[in-house]
$ cat run_39.cif   # mmCIF, C-alpha atoms
data_target
loop_
_atom_site.group_PDB
_atom_site.id
_atom_site.type_symbol
_atom_site.label_atom_id
_atom_site.label_comp_id
_atom_site.auth_asym_id
_atom_site.auth_seq_id
_atom_site.Cartn_x
_atom_site.Cartn_y
_atom_site.Cartn_z
ATOM 1 C CA MET U 20 -85.569 110.089 80.646
ATOM 2 C CA GLY U 21 -85.861 113.663 79.380
ATOM 3 C CA LYS U 22 -84.799 113.297 75.769
ATOM 4 C CA LEU U 23 -87.469 115.596 74.410
ATOM 5 C CA ASN U 24 -86.260 118.380 76.667
ATOM 6 C CA LEU U 25 -82.593 117.670 75.959
ATOM 7 C CA MET U 26 -83.131 117.726 72.202
ATOM 8 C CA LEU U 27 -84.195 121.322 72.348
ATOM 9 C CA LEU U 28 -81.100 122.286 74.298
ATOM 10 C CA LEU U 29 -78.598 120.544 72.057
ATOM 11 C CA PHE U 30 -79.015 122.835 69.075
ATOM 12 C CA LEU U 31 -76.698 125.643 70.120
ATOM 13 C CA LEU U 32 -75.951 127.179 66.749
ATOM 14 C CA GLY U 33 -78.100 129.829 65.124
ATOM 15 C CA GLY U 34 -78.147 131.059 61.556
ATOM 16 C CA CYS U 35 -79.739 133.379 59.052
ATOM 17 C CA ALA U 36 -83.406 133.268 58.199
ATOM 18 C CA PRO U 37 -84.395 131.241 55.132
ATOM 19 C CA THR U 38 -84.959 133.337 52.035
ATOM 20 C CA SER U 39 -86.261 131.042 49.297
ATOM 21 C CA PHE U 40 -86.848 127.358 48.630
ATOM 22 C CA ASP U 41 -88.241 125.265 45.804
ATOM 23 C CA SER U 42 -92.014 125.528 45.669
ATOM 24 C CA ILE U 43 -94.432 122.826 46.838
ATOM 25 C CA ASP U 44 -97.549 122.264 44.723
ATOM 26 C CA PRO U 45 -100.367 123.801 46.817
ATOM 27 C CA SER U 46 -102.970 121.306 45.586
ATOM 28 C CA ILE U 47 -101.393 118.082 46.818
ATOM 29 C CA PRO U 48 -101.528 116.421 50.242
ATOM 30 C CA ILE U 49 -98.135 116.043 51.904
ATOM 31 C CA VAL U 50 -96.522 114.783 55.064
ATOM 32 C CA ALA U 51 -93.368 116.704 55.985
ATOM 33 C CA SER U 52 -90.504 115.673 58.239
ATOM 34 C CA LEU U 53 -88.336 118.216 60.051
ATOM 35 C CA ASN U 54 -84.889 116.648 60.389
ATOM 36 C CA THR U 55 -83.063 118.537 63.125
ATOM 37 C CA VAL U 56 -79.592 116.990 62.864
ATOM 38 C CA ASP U 57 -78.897 117.770 59.211
ATOM 39 C CA ARG U 58 -81.292 120.761 59.148
ATOM 40 C CA THR U 59 -83.604 119.690 56.358
ATOM 41 C CA ILE U 60 -87.309 119.286 55.675
ATOM 42 C CA ASP U 61 -88.404 116.341 53.532
ATOM 43 C CA PHE U 62 -91.815 116.581 51.825
ATOM 44 C CA ILE U 63 -93.477 113.230 51.116
ATOM 45 C CA SER U 64 -96.368 112.657 48.695
ATOM 46 C CA THR U 65 -99.371 110.346 48.864
ATOM 47 C CA GLU U 66 -97.255 107.913 46.842
ATOM 48 C CA GLN U 67 -95.032 107.830 49.935
ATOM 49 C CA LYS U 68 -92.010 109.222 48.136
ATOM 50 C CA ILE U 69 -89.907 112.297 48.842
ATOM 51 C CA ILE U 70 -90.849 114.969 46.310
ATOM 52 C CA GLN U 71 -88.778 117.819 47.694
ATOM 53 C CA THR U 72 -86.083 118.491 50.288
ATOM 54 C CA TRP U 73 -85.425 121.908 51.764
ATOM 55 C CA GLU U 74 -81.983 122.611 53.209
ATOM 56 C CA LEU U 75 -82.370 124.951 56.168
ATOM 57 C CA ASP U 76 -79.792 127.475 57.287
ATOM 58 C CA ALA U 77 -80.677 127.793 60.958
ATOM 59 C CA ALA U 78 -81.202 125.510 63.962
ATOM 60 C CA TYR U 79 -84.935 124.997 63.636
ATOM 61 C CA THR U 80 -86.367 122.617 66.223
ATOM 62 C CA GLY U 81 -90.036 122.741 65.234
ATOM 63 C CA PHE U 82 -92.560 123.701 62.578
ATOM 64 C CA THR U 83 -96.305 123.969 62.105
ATOM 65 C CA LEU U 84 -98.831 124.730 59.368
ATOM 66 C CA VAL U 85 -100.607 128.052 59.808
ATOM 67 C CA THR U 86 -102.673 127.647 56.645
ATOM 68 C CA ASN U 87 -102.468 125.087 53.852
ATOM 69 C CA ASP U 88 -99.926 127.356 52.168
ATOM 70 C CA LEU U 89 -98.093 128.865 55.159
ATOM 71 C CA LEU U 90 -95.436 127.015 57.124
ATOM 72 C CA LEU U 91 -93.942 128.402 60.344
ATOM 73 C CA VAL U 92 -90.437 127.304 61.361
ATOM 74 C CA TYR U 93 -88.900 128.108 64.747
ATOM 75 C CA GLY U 94 -85.967 127.181 66.962
ATOM 76 C CA TYR U 95 -85.169 127.131 70.658
ATOM 77 C CA THR U 96 -81.985 129.185 70.262
ATOM 78 C CA LEU U 97 -83.377 131.615 67.678
ATOM 79 C CA GLU U 98 -84.833 135.079 68.198
ATOM 80 C CA GLU U 99 -87.108 134.898 65.189
ATOM 81 C CA ALA U 100 -89.563 132.449 63.671
ATOM 82 C CA ASN U 101 -90.285 132.540 59.953
ATOM 83 C CA LEU U 102 -93.395 132.116 57.849
ATOM 84 C CA ILE U 103 -92.720 130.477 54.487
ATOM 85 C CA GLN U 104 -95.234 130.239 51.660
ATOM 86 C CA LEU U 105 -95.135 126.682 50.370
ATOM 87 C CA SER U 106 -96.422 127.486 46.874
ATOM 88 C CA THR U 107 -93.585 129.945 46.232
ATOM 89 C CA GLY U 108 -90.935 128.784 48.696
ATOM 90 C CA LYS U 109 -90.486 132.390 49.840
ATOM 91 C CA ARG U 110 -90.279 133.784 53.342
ATOM 92 C CA ILE U 111 -93.154 136.227 53.687
ATOM 93 C CA ALA U 112 -93.019 137.262 57.354
ATOM 94 C CA THR U 113 -90.798 137.118 60.421
ATOM 95 C CA LEU U 114 -92.038 136.796 63.980
ATOM 96 C CA LYS U 115 -89.792 138.479 66.521
ATOM 97 C CA VAL U 116 -89.576 136.094 69.458
ATOM 98 C CA GLU U 117 -87.362 135.660 72.487
ATOM 99 C CA GLU U 118 -84.822 132.852 72.621
ATOM 100 C CA GLY U 119 -86.442 129.798 74.161
ATOM 101 C CA THR U 120 -89.267 128.901 71.753
ATOM 102 C CA THR U 121 -90.378 125.382 72.628
ATOM 103 C CA TYR U 122 -93.559 124.943 70.589
ATOM 104 C CA ALA U 123 -95.861 126.673 68.117
ATOM 105 C CA TYR U 124 -99.529 125.988 67.497
ATOM 106 C CA ALA U 125 -101.803 127.551 64.890
ATOM 107 C CA TYR U 126 -105.564 127.847 65.152
ATOM 108 C CA ASN U 127 -107.814 129.830 62.783
ATOM 109 C CA GLU U 128 -104.686 131.407 61.267
ATOM 110 C CA ASN U 129 -103.561 132.745 64.648
ATOM 111 C CA ILE U 130 -100.190 131.572 65.920
ATOM 112 C CA TYR U 131 -99.431 130.727 69.552
ATOM 113 C CA ILE U 132 -95.750 130.598 70.552
ATOM 114 C CA ALA U 133 -94.672 128.925 73.821
ATOM 115 C CA ASN U 134 -91.385 130.037 75.358
ATOM 116 C CA GLY U 135 -89.588 127.849 77.910
ATOM 117 C CA LYS U 136 -87.122 130.497 79.032
ATOM 118 C CA GLU U 137 -89.573 133.354 79.504
ATOM 119 C CA ASN U 138 -92.406 131.001 80.609
ATOM 120 C CA THR U 139 -94.875 132.786 78.351
ATOM 121 C CA VAL U 140 -97.331 132.147 75.541
ATOM 122 C CA THR U 141 -97.535 134.811 72.818
ATOM 123 C CA LEU U 142 -100.215 135.289 70.177
ATOM 124 C CA PHE U 143 -99.257 136.462 66.663
ATOM 125 C CA ASN U 144 -101.359 136.901 63.546
ATOM 126 C CA LYS U 145 -100.379 135.314 60.223
ATOM 127 C CA LYS U 146 -98.661 138.529 59.148
ATOM 128 C CA GLY U 147 -96.203 138.126 62.008
ATOM 129 C CA LYS U 148 -97.621 140.872 64.224
ATOM 130 C CA LYS U 149 -97.489 140.288 67.970
ATOM 131 C CA LEU U 150 -100.972 140.683 69.469
ATOM 132 C CA VAL U 151 -100.738 139.691 73.137
ATOM 133 C CA GLU U 152 -98.492 137.817 75.574
ATOM 134 C CA SER U 153 -99.450 135.988 78.775
ATOM 135 C CA PRO U 154 -97.470 134.278 81.553
ATOM 136 C CA ALA U 155 -97.729 130.498 81.804
ATOM 137 C CA GLY U 156 -96.214 127.853 84.087
ATOM 138 C CA LYS U 157 -92.668 126.517 83.993
ATOM 139 C CA TYR U 158 -91.523 125.573 80.485
ATOM 140 C CA PRO U 159 -94.783 125.726 78.490
ATOM 141 C CA MET U 160 -94.669 123.353 75.566
ATOM 142 C CA SER U 161 -97.390 121.366 73.794
ATOM 143 C CA MET U 162 -100.675 123.155 73.054
ATOM 144 C CA ILE U 163 -104.083 122.356 71.609
ATOM 145 C CA SER U 164 -107.458 124.069 71.205
ATOM 146 C CA ASP U 165 -111.013 122.756 71.282
ATOM 147 C CA GLY U 166 -112.255 125.852 69.434
ATOM 148 C CA GLU U 167 -113.054 127.773 72.598
ATOM 149 C CA LYS U 168 -110.012 127.444 74.822
ATOM 150 C CA LEU U 169 -106.261 126.930 74.455
ATOM 151 C CA TYR U 170 -104.714 124.197 76.605
ATOM 152 C CA VAL U 171 -101.008 124.577 77.400
ATOM 153 C CA VAL U 172 -98.885 121.892 79.071
ATOM 154 C CA ASN U 173 -96.082 123.213 81.282
ATOM 155 C CA PHE U 174 -93.376 120.565 80.928
ATOM 156 C CA LYS U 175 -91.386 121.422 84.080
ATOM 157 C CA ASP U 176 -94.427 122.107 86.195
ATOM 158 C CA GLU U 177 -97.421 120.263 87.589
ATOM 159 C CA ILE U 178 -100.040 122.485 86.009
ATOM 160 C CA LEU U 179 -101.806 122.749 82.685
ATOM 161 C CA SER U 180 -102.737 126.343 81.816
ATOM 162 C CA VAL U 181 -106.152 126.955 80.242
ATOM 163 C CA PHE U 182 -106.550 130.196 78.266
ATOM 164 C CA SER U 183 -109.273 131.802 76.218
ATOM 165 C CA LEU U 184 -108.247 132.187 72.580
ATOM 166 C CA ASP U 185 -107.179 135.797 73.301
ATOM 167 C CA LEU U 186 -104.803 134.433 75.997
ATOM 168 C CA THR U 187 -106.768 135.350 79.086
ATOM 169 C CA GLU U 188 -106.030 132.615 81.630
ATOM 170 C CA VAL U 189 -109.236 130.987 82.840
ATOM 171 C CA ALA U 190 -108.074 127.908 84.782
ATOM 172 C CA GLU U 191 -105.202 125.720 85.911
ATOM 173 C CA TRP U 192 -105.381 121.938 86.092
ATOM 174 C CA GLU U 193 -103.180 119.680 88.164
ATOM 175 C CA ILE U 194 -101.158 117.319 85.946
ATOM 176 C CA PRO U 195 -98.030 115.124 86.279
ATOM 177 C CA ARG U 196 -94.646 116.790 85.802
ATOM 178 C CA SER U 197 -92.948 116.178 82.423
ATOM 179 C CA SER U 198 -96.260 115.827 80.620
ATOM 180 C CA HIS U 199 -96.289 116.224 76.838
ATOM 181 C CA GLY U 200 -98.652 115.421 73.978
ATOM 182 C CA LEU U 201 -102.311 116.407 73.779
ATOM 183 C CA LEU U 202 -105.415 115.192 71.994
ATOM 184 C CA ILE U 203 -109.069 116.265 72.114
ATOM 185 C CA ASN U 204 -111.329 113.214 72.216
ATOM 186 C CA ASP U 205 -114.960 114.401 72.220
ATOM 187 C CA SER U 206 -115.527 115.836 75.710
ATOM 188 C CA GLU U 207 -112.149 114.704 76.990
ATOM 189 C CA LEU U 208 -108.569 115.914 76.819
ATOM 190 C CA TRP U 209 -105.969 113.140 76.668
ATOM 191 C CA LEU U 210 -102.485 113.917 77.998
ATOM 192 C CA GLY U 211 -99.301 111.896 77.606
ATOM 193 C CA GLY U 212 -95.789 112.473 78.872
ATOM 194 C CA HIS U 213 -92.286 111.376 79.722
ATOM 195 C CA GLY U 214 -92.483 110.961 83.455
ATOM 196 C CA ALA U 215 -89.891 112.370 85.832
ATOM 197 C CA GLY U 216 -86.571 111.043 87.090
ATOM 198 C CA SER U 217 -86.469 107.289 87.521
ATOM 199 C CA SER U 218 -90.239 106.944 87.091
ATOM 200 C CA PRO U 219 -91.079 106.946 83.373
ATOM 201 C CA ASN U 220 -94.682 107.658 82.506
ATOM 202 C CA ARG U 221 -96.715 104.611 81.548
ATOM 203 C CA VAL U 222 -100.162 106.090 80.979
ATOM 204 C CA ILE U 223 -102.240 108.577 79.043
ATOM 205 C CA SER U 224 -104.279 110.664 81.488
ATOM 206 C CA ARG U 225 -107.893 111.490 80.590
ATOM 207 C CA PHE U 226 -109.470 114.773 81.729
ATOM 208 C CA ASN U 227 -112.965 116.186 81.505
ATOM 209 C CA LEU U 228 -112.740 119.240 79.234
ATOM 210 C CA GLU U 229 -115.323 121.211 81.192
ATOM 211 C CA THR U 230 -114.113 120.607 84.733
ATOM 212 C CA GLY U 231 -110.440 119.664 84.387
ATOM 213 C CA GLU U 232 -111.104 116.621 86.555
ATOM 214 C CA GLN U 233 -109.044 113.530 85.772
ATOM 215 C CA ILE U 234 -111.512 110.796 84.875
ATOM 216 C CA GLY U 235 -109.278 107.902 83.894
ATOM 217 C CA GLU U 236 -106.055 106.543 82.425
ATOM 218 C CA VAL U 237 -104.994 104.423 79.465
ATOM 219 C CA GLU U 238 -101.969 102.135 79.847
ATOM 220 C CA ALA U 239 -99.504 102.836 77.020
ATOM 221 C CA PRO U 240 -96.003 102.163 78.317
ATOM 222 C CA ILE U 241 -93.444 103.593 78.056
ATOM 223 C CA MET U 242 -93.541 107.395 77.607
ATOM 224 C CA PRO U 243 -96.572 108.011 75.367
ATOM 225 C CA ILE U 244 -95.599 111.478 74.175
ATOM 226 C CA ASN U 245 -97.742 112.128 71.096
ATOM 227 C CA MET U 246 -101.185 111.076 69.888
ATOM 228 C CA VAL U 247 -103.293 111.329 66.752
ATOM 229 C CA LYS U 248 -106.826 110.366 65.725
ATOM 230 C CA ALA U 249 -106.913 108.305 62.522
ATOM 231 C CA LEU U 250 -109.557 108.085 59.805
ATOM 232 C CA ASN U 251 -111.115 105.016 61.444
ATOM 233 C CA GLY U 252 -111.825 107.085 64.570
ATOM 234 C CA ASN U 253 -109.302 105.259 66.738
ATOM 235 C CA ILE U 254 -106.473 106.997 68.557
ATOM 236 C CA PHE U 255 -102.831 106.115 68.013
ATOM 237 C CA THR U 256 -100.044 107.008 70.406
ATOM 238 C CA VAL U 257 -96.288 106.715 69.993
ATOM 239 C CA SER U 258 -94.524 105.575 73.157
ATOM 240 C CA HIS U 259 -90.946 106.523 72.562
ATOM 241 C CA GLY U 260 -89.579 104.790 75.654
ATOM 242 C CA ASN U 261 -90.137 101.364 74.085
ATOM 243 C CA SER U 262 -90.522 102.368 70.413
ATOM 244 C CA SER U 263 -94.135 101.226 70.228
ATOM 245 C CA VAL U 264 -97.349 102.465 68.646
ATOM 246 C CA TYR U 265 -100.617 101.662 70.416
ATOM 247 C CA GLU U 266 -104.036 101.712 68.773
ATOM 248 C CA ILE U 267 -106.739 102.752 71.239
ATOM 249 C CA SER U 268 -110.498 102.987 70.906
ATOM 250 C CA LYS U 269 -112.274 106.277 71.681
ATOM 251 C CA GLU U 270 -113.398 104.642 74.921
ATOM 252 C CA GLY U 271 -109.808 103.972 75.987
ATOM 253 C CA GLU U 272 -109.428 100.272 75.172
ATOM 254 C CA ILE U 273 -106.059 99.110 73.793
ATOM 255 C CA LEU U 274 -106.798 97.390 70.480
ATOM 256 C CA SER U 275 -103.320 96.585 69.181
ATOM 257 C CA SER U 276 -99.650 97.527 69.398
ATOM 258 C CA ILE U 277 -96.626 97.354 67.161
ATOM 259 C CA LYS U 278 -92.899 97.963 67.640
ATOM 260 C CA VAL U 279 -91.707 100.553 65.154
ATOM 261 C CA GLY U 280 -88.754 102.873 64.656
ATOM 262 C CA ALA U 281 -85.720 103.690 66.734
ATOM 263 C CA ASN U 282 -86.426 106.381 69.329
ATOM 264 C CA PRO U 283 -89.633 107.697 67.741
ATOM 265 C CA PHE U 284 -90.948 111.123 68.750
ATOM 266 C CA SER U 285 -93.673 112.083 66.282
ATOM 267 C CA ILE U 286 -96.853 110.470 64.933
ATOM 268 C CA VAL U 287 -99.445 111.776 62.438
ATOM 269 C CA ALA U 288 -102.353 110.465 60.379
ATOM 270 C CA PHE U 289 -101.893 110.772 56.605
ATOM 271 C CA GLU U 290 -104.495 109.447 54.164
ATOM 272 C CA ASN U 291 -105.180 105.853 55.274
ATOM 273 C CA SER U 292 -101.913 105.511 57.156
ATOM 274 C CA VAL U 293 -100.503 106.333 60.537
ATOM 275 C CA VAL U 294 -96.997 107.730 60.084
ATOM 276 C CA VAL U 295 -94.176 107.538 62.642
ATOM 277 C CA ALA U 296 -90.716 109.126 62.577
ATOM 278 C CA GLY U 297 -87.759 107.070 63.840
ATOM 279 C CA TYR U 298 -85.299 109.666 65.115
ATOM 280 C CA ASP U 299 -82.256 107.399 65.421
ATOM 281 C CA ASP U 300 -82.738 105.265 62.295
ATOM 282 C CA GLN U 301 -83.878 108.232 60.125
ATOM 283 C CA VAL U 302 -86.855 106.350 58.715
ATOM 284 C CA ILE U 303 -90.476 107.400 58.286
ATOM 285 C CA TYR U 304 -92.795 104.422 58.811
ATOM 286 C CA PHE U 305 -96.234 104.074 57.206
ATOM 287 C CA ILE U 306 -98.582 101.822 59.174
ATOM 288 C CA GLU U 307 -101.923 100.364 58.060
ATOM 289 C CA SER U 308 -104.018 97.710 59.789
ATOM 290 C CA GLY U 309 -101.355 97.155 62.432
ATOM 291 C CA LYS U 310 -98.512 96.519 59.964
ATOM 292 C CA VAL U 311 -95.678 98.588 58.519
ATOM 293 C CA THR U 312 -96.535 98.966 54.834
ATOM 294 C CA ASN U 313 -93.708 101.256 53.734
ATOM 295 C CA LYS U 314 -90.505 102.895 54.936
ATOM 296 C CA VAL U 315 -89.028 106.156 53.646
ATOM 297 C CA GLN U 316 -85.436 107.127 54.407
ATOM 298 C CA VAL U 317 -85.225 110.820 55.330
ATOM 299 C CA GLY U 318 -82.625 113.239 56.657
ATOM 300 C CA LYS U 319 -80.841 112.843 59.976
ATOM 301 C CA GLY U 320 -82.869 113.310 63.126
ATOM 302 C CA PRO U 321 -86.537 113.372 62.022
ATOM 303 C CA PHE U 322 -87.983 115.042 65.112
ATOM 304 C CA GLN U 323 -91.405 116.302 64.033
ATOM 305 C CA LEU U 324 -93.995 115.452 61.373
ATOM 306 C CA ILE U 325 -96.828 117.585 60.034
ATOM 307 C CA VAL U 326 -99.578 116.830 57.524
ATOM 308 C CA ARG U 327 -101.267 118.985 54.912
ATOM 309 C CA GLU U 328 -104.498 117.615 53.517
ATOM 310 C CA ALA U 329 -105.718 118.220 49.964
ATOM 311 C CA SER U 330 -106.769 121.797 49.216
ATOM 312 C CA ASN U 331 -110.454 122.390 48.583
#
$ encode --input "run_39.cif" --output "structure tokens"
Amino acid sequence: MGKLNLMLLLFLLGGCAPTSFDSIDPSIPIVASLNTVDRTIDFISTEQKIIQTWELDAAYTGFTLVTNDLLLVYGYTLEEANLIQLSTGKRIATLKVEEGTTYAYAYNENIYIANGKENTVTLFNKKGKKLVESPAGKYPMSMISDGEKLYVVNFKDEILSVFSLDLTEVAEWEIPRSSHGLLINDSELWLGGHGAGSSPNRVISRFNLETGEQIGEVEAPIMPINMVKALNGNIFTVSHGNSSVYEISKEGEILSSIKVGANPFSIVAFENSVVVAGYDDQVIYFIESGKVTNKVQVGKGPFQLIVREASN
């Protein structure tokens, strides 16, 4: 089941870059939902209510926070990604990219763009200037950094590319094809995924960060594709093949599970809650202590969630 891949290919219409939106108070924590079917972003407060909705005018398939006040939006079919200042709602920079953007990741205000058509990763600064580009494996997608290296999963390949932060490749690790979803857990990197063909993935693979050696697995069927570490120190994964969320200890022990959402893709930690987006039912679920405590109806096709914590 390759729904994550297919989603990116379904959005065949482009559009103009956003120019201005209503401002978002820079001092408040928010969780935001990118809704890819009706092209909106819903911003949700700590009171778990929608405080603002942005109507987008292009086929954006992903977004990420670059700073607490800078939001990057991008799309697989688009040849530009845009930086929007949340406090003013204004577009302040445009990143010139090739069609095929699959993922963006920001670290220390630098922006890494993965491209599944060109099979590259490109580094931009927060002003939108291209700094360097490096080849990756087939269809690079999810990325994460431990502060020293950048780890890039190649979705249609059996390798994970390891780069320095200036995009010099330093290693390749052997991983399952159709992997997706990364989390740094102390000295380990945890990797989820879809699985390939008629063999859906049922586990999270655990790797030693220093050596790249696989050191274990955590059963989390079916298709654990995204993970997050919550305030209590435990790890939560959303398994979108059976619409379940698993709570896992840092040592890899399954502590609890709950059925939630219809075709969920994204999971984040927000305040004391774990938040899950149900793509098909268009509901954002707030989970605490193993129970759904609130539901928020959002736009059509909530595909990705991001969190902004309170400003210092």
$ closest_atom_pairs --input "run_39.cif" --of "range 89-208 of chain U" --to "range 233-253 of chain U" --cutoff "10 Å" --atoms "only C-alpha atoms" --output "tab-separated table"
residue	atom	partner	partner_atom	distance
U:Ser161	CA	U:Asn245	CA	9.6
U:Trp192	CA	U:Gln233	CA	9.2
U:Glu193	CA	U:Gln233	CA	8.8
U:Ile194	CA	U:Gln233	CA	8.8
U:Ser197	CA	U:Ile244	CA	9.9
U:Ser198	CA	U:Ile244	CA	7.8
U:His199	CA	U:Ile244	CA	5.5
U:Gly200	CA	U:Asn245	CA	4.5
U:Leu201	CA	U:Met246	CA	6.7
U:Leu202	CA	U:Met246	CA	6.3
U:Ile203	CA	U:Lys248	CA	9.0
U:Asn204	CA	U:Lys248	CA	8.4
U:Glu207	CA	U:Ile234	CA	8.8
U:Leu208	CA	U:Gln233	CA	9.3
$ residues_around --input "run_39.cif" --residues "Gly320 in chain U" --least-positions-apart "3" --cutoff "10 Å" --atoms "only C-alpha atoms" --output "list in words"
Ser52, Leu53, Asn54, Thr55, Val56, Asp57, Arg58, Thr59, Asn282, Pro283, Ala296, Gly297, Tyr298, Asp299, Asp300, Gln301, Val302, Val317 and Gln323 of chain U
$ residues_around --input "run_39.cif" --residues "range 116-122 of chain U" --least-positions-apart "6" --cutoff "8 Å" --atoms "only C-alpha atoms" --output "ChimeraX atom specification"
/U:27,81,93-100,132-137,158-162
$ resolve_selection --input "run_39.cif" --expression "the PyMOL selection byres ((chain U and resi 190) around 12)" --output "compact mmCIF listing (two decimals) with C-alpha atoms, in the frame of the given file"
# COMPACT_ATOMS: atom_id res chain seq x y z
CA ALA U 155 -97.73 130.50 81.80
CA GLY U 156 -96.21 127.85 84.09
CA LYS U 168 -110.01 127.44 74.82
CA LEU U 169 -106.26 126.93 74.46
CA TYR U 170 -104.71 124.20 76.60
CA VAL U 171 -101.01 124.58 77.40
CA ILE U 178 -100.04 122.48 86.01
CA LEU U 179 -101.81 122.75 82.68
CA SER U 180 -102.74 126.34 81.82
CA VAL U 181 -106.15 126.96 80.24
CA PHE U 182 -106.55 130.20 78.27
CA SER U 183 -109.27 131.80 76.22
CA LEU U 186 -104.80 134.43 76.00
CA THR U 187 -106.77 135.35 79.09
CA GLU U 188 -106.03 132.62 81.63
CA VAL U 189 -109.24 130.99 82.84
CA GLU U 191 -105.20 125.72 85.91
CA TRP U 192 -105.38 121.94 86.09
CA GLU U 193 -103.18 119.68 88.16
CA LEU U 228 -112.74 119.24 79.23
CA GLU U 229 -115.32 121.21 81.19
CA THR U 230 -114.11 120.61 84.73
CA GLY U 231 -110.44 119.66 84.39
CA GLU U 232 -111.10 116.62 86.56
$ atom_distance --input "run_39.cif" --atom1 "CA of Pro195 in chain U" --atom2 "CA of Ser218 in chain U"
11.3 Å
$ resolve_selection --input "run_39.cif" --expression "the PyMOL selection byres ((chain U and resi 326) around 6)" --output "list in words"
Ile49, Val50, Ile325 and Arg327 of chain U
$ closest_residue --input "run_39.cif" --among "U:Gln316, U:Lys148, U:Ile277, U:Ser258" --to "Leu114 in chain U" --atoms "all atoms listed in the file"
U:Lys148
$ resolve_selection --input "run_39.cif" --expression "the PyMOL selection byres ((chain U and resi 279) around 12)" --output "PyMOL selection string"
chain U and resi 256-265+276-278+280-286+293-300+302-306+309-314
$ write_last_selection --input "run_39.cif" --atoms "C-alpha atoms" --output "mmCIF file, in the frame of the given file"
data_model
loop_
_atom_site.group_PDB
_atom_site.id
_atom_site.type_symbol
_atom_site.label_atom_id
_atom_site.label_comp_id
_atom_site.auth_asym_id
_atom_site.auth_seq_id
_atom_site.Cartn_x
_atom_site.Cartn_y
_atom_site.Cartn_z
ATOM 1 C CA THR U 256 -100.044 107.008 70.406
ATOM 2 C CA VAL U 257 -96.288 106.715 69.993
ATOM 3 C CA SER U 258 -94.524 105.575 73.157
ATOM 4 C CA HIS U 259 -90.946 106.523 72.562
ATOM 5 C CA GLY U 260 -89.579 104.790 75.654
ATOM 6 C CA ASN U 261 -90.137 101.364 74.085
ATOM 7 C CA SER U 262 -90.522 102.368 70.413
ATOM 8 C CA SER U 263 -94.135 101.226 70.228
ATOM 9 C CA VAL U 264 -97.349 102.465 68.646
ATOM 10 C CA TYR U 265 -100.617 101.662 70.416
ATOM 11 C CA SER U 276 -99.650 97.527 69.398
ATOM 12 C CA ILE U 277 -96.626 97.354 67.161
ATOM 13 C CA LYS U 278 -92.899 97.963 67.640
ATOM 14 C CA GLY U 280 -88.754 102.873 64.656
ATOM 15 C CA ALA U 281 -85.720 103.690 66.734
ATOM 16 C CA ASN U 282 -86.426 106.381 69.329
ATOM 17 C CA PRO U 283 -89.633 107.697 67.741
ATOM 18 C CA PHE U 284 -90.948 111.123 68.750
ATOM 19 C CA SER U 285 -93.673 112.083 66.282
ATOM 20 C CA ILE U 286 -96.853 110.470 64.933
ATOM 21 C CA VAL U 293 -100.503 106.333 60.537
ATOM 22 C CA VAL U 294 -96.997 107.730 60.084
ATOM 23 C CA VAL U 295 -94.176 107.538 62.642
ATOM 24 C CA ALA U 296 -90.716 109.126 62.577
ATOM 25 C CA GLY U 297 -87.759 107.070 63.840
ATOM 26 C CA TYR U 298 -85.299 109.666 65.115
ATOM 27 C CA ASP U 299 -82.256 107.399 65.421
ATOM 28 C CA ASP U 300 -82.738 105.265 62.295
ATOM 29 C CA VAL U 302 -86.855 106.350 58.715
ATOM 30 C CA ILE U 303 -90.476 107.400 58.286
ATOM 31 C CA TYR U 304 -92.795 104.422 58.811
ATOM 32 C CA PHE U 305 -96.234 104.074 57.206
ATOM 33 C CA ILE U 306 -98.582 101.822 59.174
ATOM 34 C CA GLY U 309 -101.355 97.155 62.432
ATOM 35 C CA LYS U 310 -98.512 96.519 59.964
ATOM 36 C CA VAL U 311 -95.678 98.588 58.519
ATOM 37 C CA THR U 312 -96.535 98.966 54.834
ATOM 38 C CA ASN U 313 -93.708 101.256 53.734
ATOM 39 C CA LYS U 314 -90.505 102.895 54.936
#
$ closest_residue --input "run_39.cif" --among "U:Glu74, U:Val92, U:Leu84, U:Lys157" --to "Ile60 in chain U" --atoms "only C-alpha atoms"
U:Glu74
$ atom_distance --input "run_39.cif" --atom1 "CA of Lys68 in chain U" --atom2 "CA of Ala125 in chain U"
26.7 Å
$ residues_around --input "run_39.cif" --residues "Pro48 in chain U" --least-positions-apart "3" --cutoff "7 Å" --atoms "only C-alpha atoms" --output "number ranges by chain"
U: 64-65, 327-329
$ atom_distance --input "run_39.cif" --atom1 "CA of Asp205 in chain U" --atom2 "CA of Asp185 in chain U"
22.8 Å
$ residues_around --input "run_39.cif" --residues "Leu184 in chain U" --least-positions-apart "6" --cutoff "10 Å" --atoms "only C-alpha atoms" --output "PyMOL selection string"
chain U and resi 126+129+131+142+164-170
$ closest_residue --input "run_39.cif" --among "U:Ile103, U:Ile111, U:Val85, U:Ile70" --to "Glu128 in chain U" --atoms "only C-alpha atoms"
U:Val85
$ closest_residue --input "run_39.cif" --among "U:Ala123, U:Ile267, U:Ile273, U:Ala51" --to "Leu105 in chain U" --atoms "only C-alpha atoms"
U:Ala51
